[in-house]
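Read through the structure below, which is laid out as structure tokens, and then see the notes.
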Amino acid sequence: MSMKNSVEVKNISFSYGKTEILNDLSLDIKEGEFMVLLGPSGCGKTTLLNCIAGLLDLTDGQIWIEDDNVTWKEPKDRHIGMVFQSYALYPSMTVEKNLSFGLRMMGTAKDLINEKIKKAANLLQINELLKRKPSQLSGGQRQRVAIGRALVRDAKVFLFDEPLSNLDAKLRAELRYEIKKLHRDLSNTMIYVTHDQIEAMTLADRISVMKDGLIQQLDTPKQIYNKPANLFVAGFIGSPSMNFLKANFDKSSQKIIVGKKQIDISKYENINNLMNDHEVIFGIRPENINIEKNENSINCKVELVEPMGADTLVWTSIEGYPISIRLEGNSNFNLNDEISISFDINKSSIFDRNSEERI
Amino acid sequence: MSTIPKGPRPKHLTVGRIGLYCFIIMCALFFLMPLYVMIITSLKDMDEIRAANILNLPKELSFYAWPKAWSQACTGFVCEGLKPGFFNSIKITVPSVIVSVALSALNGYALAFWRFKGAYFFFGLCMFGAFIPYQVMVYPLLKIEDFLGIYSSLPGIILVHTIFGMPILTLIFRNFYSSLPIDLFKAARIDGGNFIKIFFYVIIPMSTPITIVAVILQVTGIWNDFLLGLVFAGRDNQPMTVQLNNIVQVDYGVAEYNVDMSATILTSLVPLFVYFISGRWFVRGIAAGAIKG
């Protein structure tokens, strides 16, 4: 990955009539980077992608692709390839014609077209399907063809609009792997829209988490997972999601107080930023809770057990706040077992209750 | 009665079913009766028509009326039967259908995919146009065509049919195209299509069902038209319906009912034929495009 920017989104705004979807949004995507736009539906991620593709006209701002101001350029002149959630294969054309459509529109020589199709078909293992119509393909095959169609165009930037959302879980994992491999082998810039955090975590070099048309956090998957910038990101990333406890900080004892319970947070990295009686939300991921008895542990009862094969989820509660604990797959707990839990404070996140920002 | 429920549910002929069938059969008979009368009357000679009951089958078949209706019956002062009208109708219908369907498809495509400023207003205008009775516009249109110098000519009547067909056809095409996934259009734009290329390479190949519906609507509509043909076509291009009227409405001489009946059947053969071969498509297309959206 070079330091050069491949795509630059400069202060763009977009509105549908009076509804503002994006407002003064900027985003730089490096050459060869796999950027994932992640967020719940209605957060503006697909709109942003469509703006980059040139399928929507901006209200304001600029889009640059490969040092070229493409703000007013047609989608076809932006050197992009796009893959859609609905596959969007031309139903009247065979797979081969679907793949070659873009090249034929550009007037590419026949030999070259055949060569490129062959290469893409080999890469995606769709050789056998070339003579078929899209209606004769399964969902996974269709999406392979759709990826192939973007591939043959030698696009500088690939745009993916929730490409795996219509597939079942098994195929999704399979194609996710293929896309990652594709990026490894081609090292093109890729921008990938999804609401699925697993896809985002596994694929991305960097994730930009969006909400209400704003980028909430732009960072590597690890950083986003471990140090979520605010309450929204913390809650959105991770499944099962982070446990939250409303608490007040007591400076003298370096503890937060949750109802009648107290948790020692003296090991928290930014504890010096907390004021006395600070109203906070304490966040801890299910895997950062241990079942062990020590001077800081809290006693509670098992309320529900969800065995998931690889690991087991144990549900309990502290002062009415539900807490999930991720344990090994073979751990054995029963309903109403008495347990003592303690937290890995250095892996927790503490948020200001008013600003919802991480402290 | 202790049959244990197992496998497919047994089918019973209920009273409701029987009633339904009776109703359907009666409806069919009601609508088939005039057709029956037309056919048997056309196969009788005049003496028998005058003498016998209208519902009786012919005592002996007479095919005298059919060739006469086709090529000898008098329409005013000319006695060439319906034949010239048939060919006139074809000359009017074929170009009108092609031009109106092609333009409407293009209109519908533009309205559905290229949401230009004022597209909704334009769409509203189309809706409005589709529901104005066209008789209102006959006179102004006549003056316009007269001014353009195409009144009473083949291009004149073709233009009129094209204009009157377009609002409803545009509506139908637009609704059909709106039901297609928008991603297809986006993909085509990224793949390098412009307005015209996308229309020809991507949209038209998907338009078969709705095009068939549009063609059926236009062929039957234009073929059955009487008023516009009478007003705009001019003496040389009178369509079959106008000539049929001239044959049936005799001011002098004897009214030959058998000839009238066969002439009427001949005139309605084309729309009938179209419905018979395309009934399936017609229902499908209506369901897909015209009602929905």
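Just remember, in the structure tokens the first chain shown is A, the second B, etc., residues are 1-based per chain, and ligands are 1-based in the order shown.
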Between chain B and chain A, at 10 Å or less, what are the per-residue closest atom pairs and their distances in Å? Count only C-alpha atoms, order by chain and rising residue number, and return it as JSON lines.
{"residue": "B:Pro181", "atom": "CA", "partner": "A:Ala88", "partner_atom": "CA", "distance": 7.5}
{"residue": "B:Ile182", "atom": "CA", "partner": "A:Ala88", "partner_atom": "CA", "distance": 8.4}
{"residue": "B:Asp183", "atom": "CA", "partner": "A:Ala88", "partner_atom": "CA", "distance": 5.5}
{"residue": "B:Leu184", "atom": "CA", "partner": "A:Ala88", "partner_atom": "CA", "distance": 4.6}
{"residue": "B:Phe185", "atom": "CA", "partner": "A:Ala88", "partner_atom": "CA", "distance": 8.2}
{"residue": "B:Lys186", "atom": "CA", "partner": "A:Leu55", "partner_atom": "CA", "distance": 6.7}
{"residue": "B:Ala187", "atom": "CA", "partner": "A:Ala88", "partner_atom": "CA", "distance": 6.6}
{"residue": "B:Ala188", "atom": "CA", "partner": "A:Gly102", "partner_atom": "CA", "distance": 7.8}
{"residue": "B:Arg189", "atom": "CA", "partner": "A:Pro75", "partner_atom": "CA", "distance": 6.2}
{"residue": "B:Ile190", "atom": "CA", "partner": "A:Lys76", "partner_atom": "CA", "distance": 4.5}
{"residue": "B:Asp191", "atom": "CA", "partner": "A:Gly102", "partner_atom": "CA", "distance": 4.2}
{"residue": "B:Gly192", "atom": "CA", "partner": "A:Lys76", "partner_atom": "CA", "distance": 4.5}
{"residue": "B:Gly193", "atom": "CA", "partner": "A:Met105", "partner_atom": "CA", "distance": 6.5}
{"residue": "B:Asn194", "atom": "CA", "partner": "A:Lys76", "partner_atom": "CA", "distance": 8.8}
{"residue": "B:Lys197", "atom": "CA", "partner": "A:Met105", "partner_atom": "CA", "distance": 8.1}
{"residue": "B:Ile198", "atom": "CA", "partner": "A:Met105", "partner_atom": "CA", "distance": 9.7}
{"residue": "B:Tyr201", "atom": "CA", "partner": "A:Phe101", "partner_atom": "CA", "distance": 9.0}
{"residue": "B:Val202", "atom": "CA", "partner": "A:Tyr90", "partner_atom": "CA", "distance": 6.6}
{"residue": "B:Ile203", "atom": "CA", "partner": "A:Tyr90", "partner_atom": "CA", "distance": 9.1}
{"residue": "B:Ile204", "atom": "CA", "partner": "A:Ser92", "partner_atom": "CA", "distance": 9.5}
{"residue": "B:Pro205", "atom": "CA", "partner": "A:Ser92", "partner_atom": "CA", "distance": 6.1}
{"residue": "B:Met206", "atom": "CA", "partner": "A:Ser92", "partner_atom": "CA", "distance": 6.5}
Generate the output file for the selected residues, C-alpha atoms, as a PDB file, in the first residue's frame.
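Dumped everything to out-v4.pdb:
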ATOM      1  CA  PRO B 181     -34.237  -3.239 -10.665  1.00  0.00           C
ATOM      2  CA  ILE B 182     -32.539   0.157 -10.812  1.00  0.00           C
ATOM      3  CA  ASP B 183     -29.187  -1.550 -10.213  1.00  0.00           C
ATOM      4  CA  LEU B 184     -29.296  -2.905 -13.754  1.00  0.00           C
ATOM      5  CA  PHE B 185     -29.407   0.597 -15.074  1.00  0.00           C
ATOM      6  CA  LYS B 186     -26.609   1.689 -12.757  1.00  0.00           C
ATOM      7  CA  ALA B 187     -24.472  -1.254 -13.842  1.00  0.00           C
ATOM      8  CA  ALA B 188     -25.051  -0.353 -17.466  1.00  0.00           C
ATOM      9  CA  ARG B 189     -24.007   3.232 -16.845  1.00  0.00           C
ATOM     10  CA  ILE B 190     -20.778   2.103 -15.235  1.00  0.00           C
ATOM     11  CA  ASP B 191     -20.231  -0.344 -18.075  1.00  0.00           C
ATOM     12  CA  GLY B 192     -20.142   2.542 -20.474  1.00  0.00           C
ATOM     13  CA  GLY B 193     -23.666   2.858 -21.773  1.00  0.00           C
ATOM     14  CA  ASN B 194     -25.109   6.239 -22.634  1.00  0.00           C
ATOM     15  CA  LYS B 197     -26.917   2.463 -25.830  1.00  0.00           C
ATOM     16  CA  ILE B 198     -28.475   1.435 -22.529  1.00  0.00           C
ATOM     17  CA  TYR B 201     -28.654  -3.102 -25.447  1.00  0.00           C
ATOM     18  CA  VAL B 202     -30.075  -3.478 -21.951  1.00  0.00           C
ATOM     19  CA  ILE B 203     -33.631  -2.194 -21.774  1.00  0.00           C
ATOM     20  CA  ILE B 204     -35.154  -3.303 -25.074  1.00  0.00           C
ATOM     21  CA  PRO B 205     -34.133  -6.954 -24.692  1.00  0.00           C
ATOM     22  CA  MET B 206     -36.017  -7.008 -21.386  1.00  0.00           C
TER      23      MET B 206
END
Can you tell me which residues surround A:Cys51 at a distance of at most 10 Å, considering only C-alpha atoms, apart from same-chain residues fewer than 2 positions away, and format the answer as a PyMOL selection string? chain A and resi 9+12-14+45-49+53-58+62-63+71+75
Given the selection you just returned, output its residues as a file containing N, CA and C atoms, formatted as a short mmCIF file (atom, residue, chain, number, x, y, z; two decimals), in the first residue's frame.
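Output (selection21.cif):
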data_model
loop_
_atom_site.label_atom_id
_atom_site.label_comp_id
_atom_site.auth_asym_id
_atom_site.auth_seq_id
_atom_site.Cartn_x
_atom_site.Cartn_y
_atom_site.Cartn_z
N VAL A 9 -12.50 12.04 -1.40
CA VAL A 9 -13.83 12.62 -1.30
C VAL A 9 -13.65 13.93 -0.54
N ILE A 12 -18.02 16.60 0.47
CA ILE A 12 -19.22 16.45 -0.35
C ILE A 12 -20.50 16.52 0.49
N SER A 13 -21.52 17.06 -0.15
CA SER A 13 -22.85 17.07 0.42
C SER A 13 -23.79 16.46 -0.60
N PHE A 14 -24.80 15.82 -0.08
CA PHE A 14 -25.81 15.27 -0.99
C PHE A 14 -27.16 15.30 -0.30
N LYS A 45 -24.11 5.28 3.69
CA LYS A 45 -22.94 4.60 3.11
C LYS A 45 -23.13 4.28 1.64
N THR A 46 -24.32 3.79 1.28
CA THR A 46 -24.59 3.48 -0.12
C THR A 46 -24.67 4.75 -0.95
N THR A 47 -25.24 5.80 -0.37
CA THR A 47 -25.28 7.09 -1.06
C THR A 47 -23.87 7.57 -1.36
N LEU A 48 -22.99 7.44 -0.37
CA LEU A 48 -21.60 7.85 -0.57
C LEU A 48 -20.96 7.06 -1.71
N LEU A 49 -21.22 5.75 -1.72
CA LEU A 49 -20.66 4.91 -2.78
C LEU A 49 -21.20 5.33 -4.15
N ALA A 53 -19.26 6.67 -7.43
CA ALA A 53 -19.44 6.03 -8.73
C ALA A 53 -19.95 7.01 -9.78
N GLY A 54 -20.50 8.13 -9.32
CA GLY A 54 -21.06 9.08 -10.28
C GLY A 54 -22.49 8.78 -10.65
N LEU A 55 -23.13 7.91 -9.89
CA LEU A 55 -24.53 7.57 -10.18
C LEU A 55 -25.47 8.58 -9.55
N LEU A 56 -24.94 9.39 -8.65
CA LEU A 56 -25.73 10.47 -8.06
C LEU A 56 -24.94 11.76 -8.21
N ASP A 57 -25.62 12.84 -8.48
CA ASP A 57 -24.95 14.13 -8.59
C ASP A 57 -24.83 14.78 -7.21
N LEU A 58 -23.64 15.27 -6.91
CA LEU A 58 -23.41 15.89 -5.61
C LEU A 58 -24.16 17.22 -5.51
N GLN A 62 -16.32 17.73 -4.09
CA GLN A 62 -15.61 17.14 -5.22
C GLN A 62 -15.29 15.67 -4.95
N ILE A 63 -15.19 14.91 -6.04
CA ILE A 63 -14.68 13.55 -5.96
C ILE A 63 -13.44 13.49 -6.87
N THR A 71 -15.67 14.87 -10.56
CA THR A 71 -16.96 15.31 -10.02
C THR A 71 -18.06 15.37 -11.08
N PRO A 75 -20.21 8.00 -14.99
CA PRO A 75 -19.68 6.81 -14.31
C PRO A 75 -18.68 6.03 -15.18
#
Test item: residues at most 12 Å from A:Asp196, only C-alpha atoms, excluding those fewer than 2 positions along its chain, as a PyMOL selection string: chain A and resi 36-41+161-166+169+172-173+176+192-194+198-204+207+209+236-239
Run DSSP on the backbone of this structure and report the residues of stretch 67-295 of chain A it assigns to strand (DSSP E or B), as JSON, numbers by chain. {"A": [68, 69, 80, 81, 82, 83, 157, 158, 159, 160, 161, 189, 190, 191, 192, 193, 194, 206, 207, 208, 209, 210, 211, 214, 215, 216, 217, 218, 219, 230, 243, 244, 245, 246, 247, 248, 249, 250, 255, 256, 257, 258, 261, 262, 263, 264, 279, 280, 281, 282, 283, 284, 289, 290, 291]}
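Shortest separation to B:Asn175 among B:Ile216, B:Ala105, B:Phe147, B:Gly156 occurs at residue B:Ala105, atoms counted being only C-alpha atoms.
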Separation of atom CA of A:Asn188 from atom CA of A:Glu33, in Å and rounded to one decimal: 7.2 Å
May I have all residues of stretch 45-281 of chain B that DSSP, computed from the backbone, assigns to alpha helix (DSSP H), given as a ChimeraX atom specification? /B:46-51,65-71,83-113,119-131,135-148,154-178,182-190,195-198,208-224,227-232,240-248,257-281
Quote the spacing between atom CA of A:Asn248 and atom CA of A:Ile281 in Å to one decimal place. 8.1 Å
Nearby residues (only C-alpha atoms) at most 12 Å from B:Ala102, same-chain spacing under 3 positions excluded, as a ChimeraX atom specification: /B:95-99,105-109,162,165-166,169-170,173,199-200,204,207,210-212,214-215,218
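The shell of residues at most 10 Å from B:Ile265, with only C-alpha atoms counted and near chain neighbours (fewer than 6 positions) removed, consists of Leu35, Met38, Ile39, Ser42, Trp66, Ala69, Val259 and Leu272 of chain B.
A straight line drawn from atom CA of B:Met261 to atom CA of B:Cys79 is 17.2 Å long.
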Pick from B:Tyr151, B:Phe226, B:Phe195, B:Phe113: nearest to B:Tyr177, with only C-alpha atoms counted? B:Phe113
Tell me, as a count of residues only, which residues lie within 10 Å of stretch 119-124 of chain B, counting only C-alpha atoms; anything in the same chain fewer than 6 positions away does not count. 10
Excluding B:Lys91 and any residue of its chain fewer than 5 positions from it, enumerate the residues within 9 Å of it, using only C-alpha atoms, and give them as a VMD selection string. chain B and resid 86 96 154 158 237 239
Can I get the selected residues back with C-alpha atoms, as a compact mmCIF listing (two decimals), in the first residue's frame?
# COMPACT_ATOMS: atom_id res chain seq x y z
CA PHE B 86 -58.42 -3.80 -45.37
CA SER B 96 -48.83 3.92 -36.30
CA LEU B 154 -51.90 8.80 -44.72
CA ILE B 158 -50.71 8.02 -38.69
CA ASN B 237 -57.18 6.05 -47.14
CA PRO B 239 -59.85 2.29 -43.05
